[in-house]
Structure formats: structure tokens, C-alpha cells
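Structure file protein.pdb; described as PDB, C-alpha atoms.
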ATOM      1  CA  MET R 392       0.000   0.000   0.000
ATOM      2  CA  LYS R 393       2.798   2.434   0.780
ATOM      3  CA  ASP R 394       4.026   2.327  -2.826
ATOM      4  CA  ILE R 395       0.528   3.041  -4.088
ATOM      5  CA  TYR R 396       0.303   6.186  -1.944
ATOM      6  CA  ARG R 397       3.900   7.235  -2.572
ATOM      7  CA  PHE R 398       3.739   6.976  -6.366
ATOM      8  CA  ALA R 399       0.192   8.181  -6.924
ATOM      9  CA  SER R 400      -0.039  11.602  -8.553
ATOM     10  CA  GLN R 401      -2.913  12.405  -6.205
ATOM     11  CA  VAL R 402      -4.679  10.586  -3.376
ATOM     12  CA  LEU R 403      -8.314  11.369  -2.672
ATOM     13  CA  LEU R 404      -9.653  11.029   0.844
ATOM     14  CA  PHE R 405     -13.389  10.553   1.023
ATOM     15  CA  PRO R 406     -14.793  11.125   4.534
ATOM     16  CA  GLY R 407     -18.166   9.606   3.652
ATOM     17  CA  ALA R 408     -21.354  10.335   1.785
ATOM     18  CA  PHE R 409     -21.972  14.046   1.530
ATOM     19  CA  ASN R 410     -24.594  15.272   3.960
ATOM     20  CA  GLY R 411     -25.522  18.477   5.753
ATOM     21  CA  GLU R 412     -23.006  17.990   8.568
ATOM     22  CA  LEU R 413     -20.081  17.463   6.200
ATOM     23  CA  GLY R 414     -21.224  20.450   4.164
ATOM     24  CA  VAL R 415     -21.304  22.646   7.268
ATOM     25  CA  ALA R 416     -17.866  21.419   8.383
ATOM     26  CA  CYS R 417     -16.304  21.975   4.956
ATOM     27  CA  GLY R 418     -17.875  25.411   4.564
ATOM     28  CA  PHE R 419     -16.775  26.470   8.035
ATOM     29  CA  ILE R 420     -13.197  25.246   7.530
ATOM     30  CA  LEU R 421     -12.892  27.080   4.200
ATOM     31  CA  GLU R 422     -14.443  30.268   5.588
ATOM     32  CA  PHE R 423     -12.275  30.153   8.705
ATOM     33  CA  CYS R 424      -9.123  29.684   6.627
ATOM     34  CA  SER R 425      -9.976  32.460   4.203
ATOM     35  CA  ASP R 426     -10.617  34.833   7.118
ATOM     36  CA  PHE R 427      -7.788  33.913   9.480
ATOM     37  CA  ALA R 428      -5.121  31.610   8.028
ATOM     38  CA  MET R 429      -3.543  34.318   5.852
ATOM     39  CA  LYS R 430      -3.265  36.620   8.859
ATOM     40  CA  PHE R 431      -1.737  33.809  10.867
ATOM     41  CA  TYR R 432       0.775  32.732   8.202
ATOM     42  CA  ASN R 433       1.746  36.271   7.267
ATOM     43  CA  ASP R 434       3.200  36.640  10.748
ATOM     44  CA  ASP R 435       0.839  39.426  11.615
ATOM     45  CA  GLU R 436       1.997  39.651  15.232
ATOM     46  CA  SER R 437      -0.908  41.792  16.323
ATOM     47  CA  PHE R 438      -3.323  39.131  15.074
ATOM     48  CA  LYS R 439      -1.330  36.299  16.685
ATOM     49  CA  ASN R 440      -1.204  38.132  20.003
ATOM     50  CA  VAL R 441      -4.961  38.689  20.001
ATOM     51  CA  TRP R 442      -5.568  35.148  18.773
ATOM     52  CA  GLN R 443      -3.461  33.534  21.478
ATOM     53  CA  ARG R 444      -4.377  35.741  24.419
ATOM     54  CA  SER R 445      -8.076  36.435  23.965
ATOM     55  CA  THR R 446     -10.808  34.515  25.679
ATOM     56  CA  THR R 447     -13.295  32.613  23.581
ATOM     57  CA  ALA R 448     -15.890  35.309  24.233
ATOM     58  CA  GLU R 449     -13.454  38.022  23.116
ATOM     59  CA  LEU R 450     -12.702  36.130  19.882
ATOM     60  CA  THR R 451     -16.405  35.819  19.211
ATOM     61  CA  LYS R 452     -16.863  39.550  19.763
ATOM     62  CA  SER R 453     -13.718  40.685  17.906
ATOM     63  CA  PHE R 454     -13.637  38.265  14.981
ATOM     64  CA  GLY R 455     -17.039  36.600  14.935
ATOM     65  CA  ILE R 456     -15.529  33.196  15.667
ATOM     66  CA  PRO R 457     -18.305  30.946  16.938
ATOM     67  CA  PRO R 458     -18.060  29.698  20.528
ATOM     68  CA  PRO R 459     -17.005  26.057  21.090
ATOM     69  CA  ASP R 460     -20.580  24.805  21.509
ATOM     70  CA  HIS R 461     -21.675  26.238  18.134
ATOM     71  CA  ALA R 462     -22.968  23.922  15.403
ATOM     72  CA  TYR R 463     -19.918  24.725  13.217
ATOM     73  CA  TRP R 464     -17.501  23.205  15.716
ATOM     74  CA  LYS R 465     -19.841  20.248  16.238
ATOM     75  CA  ALA R 466     -19.811  19.679  12.473
ATOM     76  CA  VAL R 467     -15.995  19.669  12.485
ATOM     77  CA  GLN R 468     -16.093  17.117  15.289
ATOM     78  CA  TYR R 469     -18.544  15.042  13.232
ATOM     79  CA  LEU R 470     -16.126  15.177  10.296
ATOM     80  CA  LEU R 471     -13.194  14.030  12.417
ATOM     81  CA  GLU R 472     -15.228  11.140  13.792
ATOM     82  CA  ARG R 473     -15.768   9.702  10.294
ATOM     83  CA  PRO R 474     -14.329   6.201   9.885
ATOM     84  CA  CYS R 475     -11.765   7.383   7.301
ATOM     85  CA  PHE R 476      -9.922   9.312  10.033
ATOM     86  CA  ARG R 477      -9.805   6.254  12.285
ATOM     87  CA  ARG R 478      -8.230   3.906   9.745
ATOM     88  CA  THR R 479      -4.571   2.993  10.118
ATOM     89  CA  TRP R 480      -4.035   3.735   6.430
ATOM     90  CA  ILE R 481      -4.759   7.426   6.989
ATOM     91  CA  VAL R 482      -1.228   7.792   8.377
ATOM     92  CA  GLN R 483       0.273   6.356   5.175
ATOM     93  CA  GLU R 484      -1.967   8.484   3.006
ATOM     94  CA  VAL R 485      -0.990  11.691   4.780
ATOM     95  CA  ALA R 486       2.697  10.865   5.133
ATOM     96  CA  LEU R 487       3.352   9.399   1.686
ATOM     97  CA  ALA R 488       0.987  11.054  -0.767
ATOM     98  CA  THR R 489       2.532  13.646  -3.038
ATOM     99  CA  LYS R 490      -0.811  15.398  -3.175
ATOM    100  CA  LEU R 491      -3.737  14.620  -0.887
ATOM    101  CA  ARG R 492      -7.206  16.074  -1.358
ATOM    102  CA  LEU R 493     -10.323  15.665   0.711
ATOM    103  CA  VAL R 494     -13.469  15.152  -1.338
ATOM    104  CA  PHE R 495     -16.657  16.430   0.296
ATOM    105  CA  GLY R 496     -19.204  15.583  -2.358
ATOM    106  CA  PRO R 497     -19.177  18.601  -4.682
ATOM    107  CA  VAL R 498     -16.335  20.341  -2.822
ATOM    108  CA  GLU R 499     -12.648  19.376  -2.681
ATOM    109  CA  MET R 500     -10.019  20.741  -0.341
ATOM    110  CA  ASP R 501      -6.238  20.335  -0.322
ATOM    111  CA  TRP R 502      -4.798  18.615   2.702
ATOM    112  CA  ASP R 503      -1.850  21.002   2.898
ATOM    113  CA  ASP R 504      -0.809  22.419  -0.490
ATOM    114  CA  ASP R 505      -2.085  25.958  -0.066
ATOM    115  CA  ARG R 506      -1.126  27.331   3.328
ATOM    116  CA  SER R 507      -4.128  29.567   3.494
ATOM    117  CA  LEU R 508      -6.992  27.330   2.398
ATOM    118  CA  SER R 509      -6.199  23.805   3.482
ATOM    119  CA  PHE R 510      -7.295  21.246   5.996
ATOM    120  CA  THR R 511      -3.916  21.450   7.738
ATOM    121  CA  SER R 512      -4.056  25.260   7.946
ATOM    122  CA  PHE R 513      -7.338  25.114   9.810
ATOM    123  CA  PHE R 514      -5.946  22.795  12.469
ATOM    124  CA  THR R 515      -2.636  24.651  12.701
ATOM    125  CA  VAL R 516      -4.383  27.941  13.467
ATOM    126  CA  VAL R 517      -6.870  26.346  15.867
ATOM    127  CA  ALA R 518      -4.128  24.387  17.652
ATOM    128  CA  ASP R 519      -2.144  27.584  18.170
ATOM    129  CA  ARG R 520      -4.673  28.440  20.881
ATOM    130  CA  ASN R 521      -3.756  25.188  22.655
ATOM    131  CA  HIS R 522      -7.169  23.612  22.066
TER     132      HIS R 522
END
If you took the structure in this file and wrote it as C-alpha cells, what would it be?
Amino acid sequence: MKDIYRFASQVLLFPGAFNGELGVACGFILEFCSDFAMKFYNDDESFKNVWQRSTTAELTKSFGIPPPDHAYWKAVQYLLERPCFRRTWIVQEVALATKLRLVFGPVEMDWDDDRSLSFTSFFTVVADRNH
């Protein structure tokens, strides 16, 4: 299997049949990245300072980021609980694929090619708050 992933021109990761929850998760991740990942990756220190030091309520007020109990975050959790993310092969796919794309029905998203609009960017920015 490792040779298949390593030598494939592109690996597609399908988290399951497209439904409303996956649509919400994908839309939220793309919107979040387009709003905040560029600021984060451009080393905008004022943004990073606010991002890291603000309370959740302050981030909601300042940037409109939904609180942790919002349906958007629940949809992301739903996405991450899909069986494809629990398979052992996911590690090989991520580590070995030259290009990895997530396929959410009609929408596709790079795993990590574009630093501003990718699956990895979303989790890098979110993790920077030590969540």
C-alpha cells in the first residue's frame, strides 16, 4: 500500500457520503481559513497576540468566531469522527501522498498544499490556541 500512496499523482480522501453535517464542516473550515489563516501565516503579530491571548468570548466579539458549543464546531467534530480518520491507512496516506485532497461531495479541499486554504491550515491555526 505504501508504494501506491507514494507513487500516486494524487490521493483522494473521502470522509463519507456528503450530507448536511459534512457540508457545514467543509464550509466552516474554508471560511475560517480564508478569514484567518492568511493573517496567521503572514506573521501578523498583532493578530497572533490577540488570537493567542483572547478569551473565547473576546474572539467571538472581535472576529465573529463561533463559541465552542456552536454547530460549526460540532460539524468539524462530526467530520473528524468519520471512519476514514480512524483507519490505520490514513497515516500512510498523509505521510506518503505527493498530493492529498479531501473530497466532500461537490467540494474538494487540499490537505496542505495551499497554506491559506487547506485542511492542515485550519488545524494549525486552531491548535495555536492550545485547544
Residues in the PyMOL selection byres ((chain R and resi 454) around 12), expressed as an NGL selection string: :R and (423 or 426-427 or 438 or 441-442 or 445-453 or 455-458)
Output, as lines of an AutoDock Vina configuration file, the centre and edge lengths in Å (one decimal) of the axis-aligned box that contains all listed atoms of stretch 410-422 of chain R with 8 Å of margin on each side.
center_x = -19.2
center_y = 22.8
center_z = 6.3
size_x = 28.6
size_y = 31.0
size_z = 20.6
The PyMOL selection byres ((chain R and resi 467) around 10) resolved against shown file, as a list of chain:residue names: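 Those residues are R:Glu412, R:Leu413, R:Gly414, R:Val415, R:Ala416, R:Cys417, R:Gly418, R:Phe419, R:Ile420, R:Ala462, R:Tyr463, R:Trp464, R:Lys465, R:Ala466, R:Gln468, R:Tyr469, R:Leu470, R:Leu471, R:Glu472.
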Nearby residues (all atoms listed in the file) at most 12 Å from stretch 395-406 of chain R, same-chain spacing under 5 positions excluded, as a VMD selection string: chain R and resid 412 to 414 416 to 417 467 469 to 478 480 to 502 504 510
Between atom CA of R:Arg444 and atom CA of R:Arg520 - distance in Å to one decimal: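 If I compute the distance from atom CA of R:Arg520 to atom CA of R:Arg444, I get 8.1 Å.
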Point-to-point distance from atom CA of R:Phe409 to atom CA of R:Val517, Å rounded to tenths: 24.2 Å
Shortest interatomic distance to R:Thr515 - which of R:Ser425, R:Gln443, R:Phe431, R:Asn410, counting all atoms listed in the file: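 Among the listed residues, R:Phe431 lies closest to R:Thr515.
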Length of the atom CA of R:Gly407 to atom CA of R:Asp460 vector [Å]: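 Computing the Euclidean distance for atom CA of R:Gly407 and atom CA of R:Asp460 yields 23.6 Å.
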Please complete stretch 446-457 of chain R with all heavy atoms and give it back as an mmCIF file, in the frame of the given file.
data_model
loop_
_atom_site.group_PDB
_atom_site.id
_atom_site.type_symbol
_atom_site.label_atom_id
_atom_site.label_comp_id
_atom_site.auth_asym_id
_atom_site.auth_seq_id
_atom_site.Cartn_x
_atom_site.Cartn_y
_atom_site.Cartn_z
ATOM 1 N N THR R 446 -9.883 35.557 25.251
ATOM 2 C CA THR R 446 -10.808 34.515 25.679
ATOM 3 C C THR R 446 -11.682 34.138 24.492
ATOM 4 O O THR R 446 -11.743 34.852 23.490
ATOM 5 C CB THR R 446 -11.708 35.003 26.825
ATOM 6 O OG1 THR R 446 -12.559 36.045 26.315
ATOM 7 C CG2 THR R 446 -10.910 35.508 28.007
ATOM 8 N N THR R 447 -12.381 33.044 24.629
ATOM 9 C CA THR R 447 -13.295 32.613 23.581
ATOM 10 C C THR R 447 -14.354 33.682 23.320
ATOM 11 O O THR R 447 -14.676 33.987 22.171
ATOM 12 C CB THR R 447 -13.953 31.276 23.971
ATOM 13 O OG1 THR R 447 -12.914 30.321 24.191
ATOM 14 C CG2 THR R 447 -14.879 30.784 22.904
ATOM 15 N N ALA R 448 -14.873 34.260 24.382
ATOM 16 C CA ALA R 448 -15.890 35.309 24.233
ATOM 17 C C ALA R 448 -15.322 36.523 23.500
ATOM 18 O O ALA R 448 -16.005 37.132 22.666
ATOM 19 C CB ALA R 448 -16.432 35.712 25.594
ATOM 20 N N GLU R 449 -14.084 36.882 23.789
ATOM 21 C CA GLU R 449 -13.454 38.022 23.116
ATOM 22 C C GLU R 449 -13.244 37.733 21.626
ATOM 23 O O GLU R 449 -13.415 38.622 20.790
ATOM 24 C CB GLU R 449 -12.126 38.365 23.782
ATOM 25 C CG GLU R 449 -12.292 38.961 25.160
ATOM 26 C CD GLU R 449 -10.988 39.056 25.945
ATOM 27 O OE1 GLU R 449 -10.031 38.301 25.646
ATOM 28 O OE2 GLU R 449 -10.945 39.879 26.883
ATOM 29 N N LEU R 450 -12.873 36.490 21.296
ATOM 30 C CA LEU R 450 -12.702 36.130 19.882
ATOM 31 C C LEU R 450 -14.030 36.163 19.140
ATOM 32 O O LEU R 450 -14.088 36.565 17.986
ATOM 33 C CB LEU R 450 -12.064 34.752 19.745
ATOM 34 C CG LEU R 450 -10.592 34.665 20.138
ATOM 35 C CD1 LEU R 450 -10.111 33.227 20.065
ATOM 36 C CD2 LEU R 450 -9.740 35.570 19.263
ATOM 37 N N THR R 451 -15.078 35.758 19.820
ATOM 38 C CA THR R 451 -16.405 35.819 19.211
ATOM 39 C C THR R 451 -16.777 37.265 18.941
ATOM 40 O O THR R 451 -17.250 37.615 17.856
ATOM 41 C CB THR R 451 -17.448 35.150 20.129
ATOM 42 O OG1 THR R 451 -17.094 33.776 20.281
ATOM 43 C CG2 THR R 451 -18.844 35.256 19.542
ATOM 44 N N LYS R 452 -16.515 38.133 19.908
ATOM 45 C CA LYS R 452 -16.863 39.550 19.763
ATOM 46 C C LYS R 452 -15.969 40.239 18.727
ATOM 47 O O LYS R 452 -16.459 40.975 17.872
ATOM 48 C CB LYS R 452 -16.742 40.258 21.112
ATOM 49 C CG LYS R 452 -17.156 41.695 21.074
ATOM 50 C CD LYS R 452 -17.081 42.328 22.446
ATOM 51 C CE LYS R 452 -17.476 43.798 22.373
ATOM 52 N NZ LYS R 452 -17.366 44.449 23.661
ATOM 53 N N SER R 453 -14.659 39.993 18.786
ATOM 54 C CA SER R 453 -13.718 40.685 17.906
ATOM 55 C C SER R 453 -13.730 40.170 16.473
ATOM 56 O O SER R 453 -13.635 40.941 15.521
ATOM 57 C CB SER R 453 -12.289 40.539 18.441
ATOM 58 O OG SER R 453 -12.175 41.132 19.699
ATOM 59 N N PHE R 454 -13.793 38.848 16.308
ATOM 60 C CA PHE R 454 -13.637 38.265 14.981
ATOM 61 C C PHE R 454 -14.863 37.508 14.498
ATOM 62 O O PHE R 454 -14.878 37.018 13.370
ATOM 63 C CB PHE R 454 -12.444 37.306 14.966
ATOM 64 C CG PHE R 454 -11.129 37.970 15.221
ATOM 65 C CD1 PHE R 454 -10.438 37.728 16.393
ATOM 66 C CD2 PHE R 454 -10.581 38.841 14.301
ATOM 67 C CE1 PHE R 454 -9.218 38.327 16.632
ATOM 68 C CE2 PHE R 454 -9.366 39.446 14.524
ATOM 69 C CZ PHE R 454 -8.681 39.197 15.698
ATOM 70 N N GLY R 455 -15.857 37.355 15.328
ATOM 71 C CA GLY R 455 -17.039 36.600 14.935
ATOM 72 C C GLY R 455 -16.822 35.098 14.912
ATOM 73 O O GLY R 455 -17.552 34.365 14.249
ATOM 74 N N ILE R 456 -15.790 34.635 15.610
ATOM 75 C CA ILE R 456 -15.529 33.196 15.667
ATOM 76 C C ILE R 456 -16.559 32.554 16.587
ATOM 77 O O ILE R 456 -16.731 32.987 17.721
ATOM 78 C CB ILE R 456 -14.095 32.919 16.158
ATOM 79 C CG1 ILE R 456 -13.109 33.476 15.134
ATOM 80 C CG2 ILE R 456 -13.879 31.423 16.397
ATOM 81 C CD1 ILE R 456 -11.674 33.462 15.570
ATOM 82 N N PRO R 457 -17.257 31.537 16.110
ATOM 83 C CA PRO R 457 -18.305 30.946 16.938
ATOM 84 C C PRO R 457 -17.742 30.303 18.203
ATOM 85 O O PRO R 457 -16.626 29.790 18.196
ATOM 86 C CB PRO R 457 -18.924 29.879 16.039
ATOM 87 C CG PRO R 457 -18.186 29.880 14.767
ATOM 88 C CD PRO R 457 -17.124 30.897 14.813
#
